[in-house]
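Asks: Structure incoming, see below.
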Amino acid sequence: MSSPKKQWYAVKRGRKPGLYTQWAGEGEAAAQVQGFAGAAYKGFATRAEAQAWLDAPSSAPLAPTNPPPAEAEAESASPQALLAAGNIVIFTDGSSLGNPGAGGYGVVLLFGAHRKELSGGFARTTNNRMEIYACLAALRALKPNSPPVYLFSDSQYVVNSIRKGWAKRWQSRGWMRTKDEPAENADLWQELLPLCETFSVQFLWVRGHNNTPENERCDVLARSAAQGKNLPQDGGFTR
């Protein structure tokens with residue numbers, strides 16, 4: 001039996017503590033906790049449960065829970081609504097012609113009426129590296145003190161590595177995935193993690209090739225970049 005759908009979000013420690021009926025969108029809970037050190041928040045099926053947790057004495061142990069799965073958020077969070085609420089919306093994609101092979105990345109950044117596209121490629125790399133590099137290129141382009149960022153990627157590898165804490169876990173182990181197996185793409189994760197702390201970033205999964213215009217545009221940008229001439233070497237790729 002599936003768990004009850006979370007309809008209420010209680011923020012006990014965050015930018016604006018209180019009850020929220022949405023995770024992402026206007027009046028969202030995510031913006032109150034993303035990038036906030038020591039944030040405490042939890043999702044509930046009913047308002048009464050959320051209020052009871054919020055009203056619990058401060059001496060009671062706080063057990064922050066993970067926000068809803070990225071798949072669920074991507075289905076419920078409209079990019080248009082996020083933009084209307086004053087957030088930055090980013091779409092990213094990566095591609096490689098062979099794995100490894102020539103690769104490219106594509107980015108579409110949206111804020112209000114503003115739009116910016118980024119792309120680039122490397123002579124020999126992998127699809128996963130380009131998916132991460134697209135996120136890097138996007139966050140590097142942001143200005144300090146930017147509004148909350150919602151980054152849509154069709155890479156479950158990227159989204160889960162951030163949302164489920166895999167990348168941070170690899171970092172804490174000296175970039176080892178297991179006791180005997182190094183984590184792949186450690187050089188890129190090492191750059192991406194600090195940017196995720198610098199900005200209030202929420203990673204959302206979007207199904208690829210599902211007629212999402214900006215995702216499709218990123219795919220075109222990435223593939224076009226991978227086919228470019230005189231591409232530079234991906235210095236962090238060692239295979």
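Here, A, B, ... name the chains of the structure tokens in the order displayed, residue numbers run from 1 inside each chain, and ligands are numbered from 1 in the same displayed order.
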From segment 61-193 of chain A, collect each residue whose DSSP state is strand (DSSP E) and return the set as a count of residues only.

Replies: 39

Asks: Near Leu188 of chain A, counting only C-alpha atoms, which residues have an atom at most 9 Å away, once you skip same-chain residues fewer than 2 positions from it, shown as number ranges by chain?

Replies: A: 129, 132-133, 136, 185-186, 190-193, 236

Asks: Keeping only N, CA and C atoms, write the selected residues to a file as a compact mmCIF listing (two decimals), in the first residue's frame.

Replies:
# COMPACT_ATOMS: atom_id res chain seq x y z
N ARG A 129 28.89 12.96 -17.61
CA ARG A 129 29.72 14.14 -17.34
C ARG A 129 29.08 15.38 -17.96
N ILE A 132 26.18 16.61 -15.79
CA ILE A 132 26.65 17.37 -14.62
C ILE A 132 27.21 18.72 -15.08
N TYR A 133 27.96 18.71 -16.17
CA TYR A 133 28.59 19.95 -16.63
C TYR A 133 27.54 20.99 -17.01
N LEU A 136 26.63 22.69 -13.90
CA LEU A 136 27.73 23.57 -13.52
C LEU A 136 27.69 24.88 -14.31
N ASN A 185 33.26 10.82 -11.72
CA ASN A 185 33.05 12.26 -11.96
C ASN A 185 33.24 13.12 -10.72
N ALA A 186 34.14 12.68 -9.85
CA ALA A 186 34.37 13.39 -8.59
C ALA A 186 34.79 14.84 -8.83
N GLN A 190 32.74 17.87 -7.15
CA GLN A 190 33.47 18.73 -6.21
C GLN A 190 33.24 20.20 -6.52
N GLU A 191 32.98 20.52 -7.78
CA GLU A 191 32.66 21.90 -8.16
C GLU A 191 31.18 22.21 -7.96
N LEU A 192 30.33 21.21 -8.22
CA LEU A 192 28.89 21.46 -8.18
C LEU A 192 28.36 21.62 -6.76
N LEU A 193 28.85 20.82 -5.82
CA LEU A 193 28.31 20.86 -4.46
C LEU A 193 28.41 22.24 -3.81
N GLY A 236 39.06 16.55 -17.05
CA GLY A 236 38.80 15.67 -15.93
C GLY A 236 38.47 14.25 -16.33

Asks: Compile the contact shell of Gln32 of chain A as number ranges by chain: residues with an atom at most 8 Å away, counting only C-alpha atoms, same-chain residues fewer than 6 positions apart removed.

Replies: A: 11, 14-17

Asks: From the list A:Ala141, A:Leu110, A:Ala40, A:Leu118, which residue is nearest Cys218 of chain A when using only C-alpha atoms?

Replies: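 Nearest to Cys218 of chain A: A:Leu118.
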
Asks: Suppose you want the space between atom CA of Ala45 of chain A and atom CA of Gln7 of chain A; what is it in Å?

Replies: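 Atom-to-atom, atom CA of Ala45 of chain A to atom CA of Gln7 of chain A, that is 5.1 Å.
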
Asks: Report, in Å with one decimal, the straight-line distance from atom CA of Gln171 of chain A to atom CA of Asn99 of chain A.

Replies: 24.8 Å

Asks: Can you check which residues of segment 1-238 of chain A DSSP gives as helix (DSSP H, G or I) on the backbone and send them as a ChimeraX atom specification?

Replies: /A:30-33,47-55,70-76,79-84,127-140,156-163,166-172,186-198,213-226

Asks: Would you write out those residues with C-alpha atoms, as a compact mmCIF listing (two decimals), in the first residue's frame?

Replies:
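Output file selection15.txt follows:
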# COMPACT_ATOMS: atom_id res chain seq x y z
CA ALA A 30 11.18 24.61 -0.69
CA ALA A 31 12.36 28.22 -0.87
CA GLN A 32 12.28 28.43 2.92
CA VAL A 33 14.71 25.55 3.49
CA ARG A 47 -2.97 20.05 8.49
CA ALA A 48 -3.53 18.77 12.04
CA GLU A 49 -0.47 16.52 11.88
CA ALA A 50 1.64 19.31 10.41
CA GLN A 51 0.51 21.81 13.04
CA ALA A 52 1.14 19.35 15.87
CA TRP A 53 4.70 18.77 14.67
CA LEU A 54 5.25 22.49 14.24
CA ASP A 55 3.91 23.23 17.76
CA ALA A 70 11.96 14.55 -7.63
CA GLU A 71 9.56 12.78 -9.98
CA ALA A 72 6.53 13.91 -7.97
CA GLU A 73 7.76 17.49 -7.81
CA ALA A 74 8.41 17.64 -11.55
CA GLU A 75 4.82 16.58 -12.16
CA SER A 76 3.34 19.11 -9.72
CA PRO A 79 7.78 26.10 -14.68
CA GLN A 80 5.40 28.92 -15.60
CA ALA A 81 4.12 29.16 -12.02
CA LEU A 82 7.66 29.10 -10.66
CA LEU A 83 8.62 31.94 -12.98
CA ALA A 84 5.52 33.93 -12.06
CA ASN A 127 26.90 11.50 -21.24
CA ASN A 128 26.85 11.66 -17.43
CA ARG A 129 29.72 14.14 -17.34
CA MET A 130 27.87 16.39 -19.77
CA GLU A 131 24.69 16.17 -17.67
CA ILE A 132 26.65 17.37 -14.62
CA TYR A 133 28.59 19.95 -16.63
CA ALA A 134 25.32 21.47 -17.86
CA CYS A 135 24.31 22.10 -14.24
CA LEU A 136 27.73 23.57 -13.52
CA ALA A 137 27.54 25.94 -16.49
CA ALA A 138 24.06 27.05 -15.43
CA LEU A 139 24.91 27.81 -11.80
CA ARG A 140 28.19 29.51 -12.75
CA GLN A 156 18.06 10.74 -12.68
CA TYR A 157 21.77 10.23 -12.02
CA VAL A 158 22.22 13.97 -11.47
CA VAL A 159 18.97 14.60 -9.62
CA ASN A 160 19.29 11.63 -7.28
CA SER A 161 22.97 12.30 -6.58
CA ILE A 162 22.03 15.72 -5.22
CA ARG A 163 18.59 15.10 -3.73
CA TRP A 166 24.82 10.49 -2.79
CA ALA A 167 27.38 13.09 -3.91
CA LYS A 168 27.82 14.44 -0.38
CA ARG A 169 28.25 10.90 0.89
CA TRP A 170 30.94 10.20 -1.71
CA GLN A 171 32.64 13.44 -0.69
CA SER A 172 32.60 12.46 2.99
CA ALA A 186 34.37 13.39 -8.59
CA ASP A 187 36.02 16.46 -10.14
CA LEU A 188 32.65 17.77 -11.36
CA TRP A 189 30.76 16.93 -8.17
CA GLN A 190 33.47 18.73 -6.21
CA GLU A 191 32.66 21.90 -8.16
CA LEU A 192 28.89 21.46 -8.18
CA LEU A 193 28.31 20.86 -4.46
CA PRO A 194 29.60 24.27 -3.30
CA LEU A 195 27.44 26.00 -5.92
CA CYS A 196 24.41 24.16 -4.56
CA GLU A 197 25.24 25.65 -1.15
CA THR A 198 25.88 29.13 -2.56
CA PRO A 213 9.85 22.59 -24.99
CA GLU A 214 12.81 23.82 -22.97
CA ASN A 215 14.07 20.29 -22.31
CA GLU A 216 13.86 19.56 -26.04
CA ARG A 217 15.74 22.80 -26.74
CA CYS A 218 18.52 21.78 -24.35
CA ASP A 219 18.79 18.46 -26.15
CA VAL A 220 19.23 20.27 -29.48
CA LEU A 221 21.88 22.57 -27.97
CA ALA A 222 23.77 19.65 -26.44
CA ARG A 223 23.75 17.52 -29.59
CA SER A 224 24.78 20.45 -31.76
CA ALA A 225 27.68 21.27 -29.42
CA ALA A 226 28.84 17.65 -29.46

Asks: So the first atom is atom CA of Val89 of chain A and the second is atom CA of Phe111 of chain A; what is the distance between them in Å, to one decimal place?

Replies: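 Atom CA of Val89 of chain A sits 6.5 Å away from atom CA of Phe111 of chain A.
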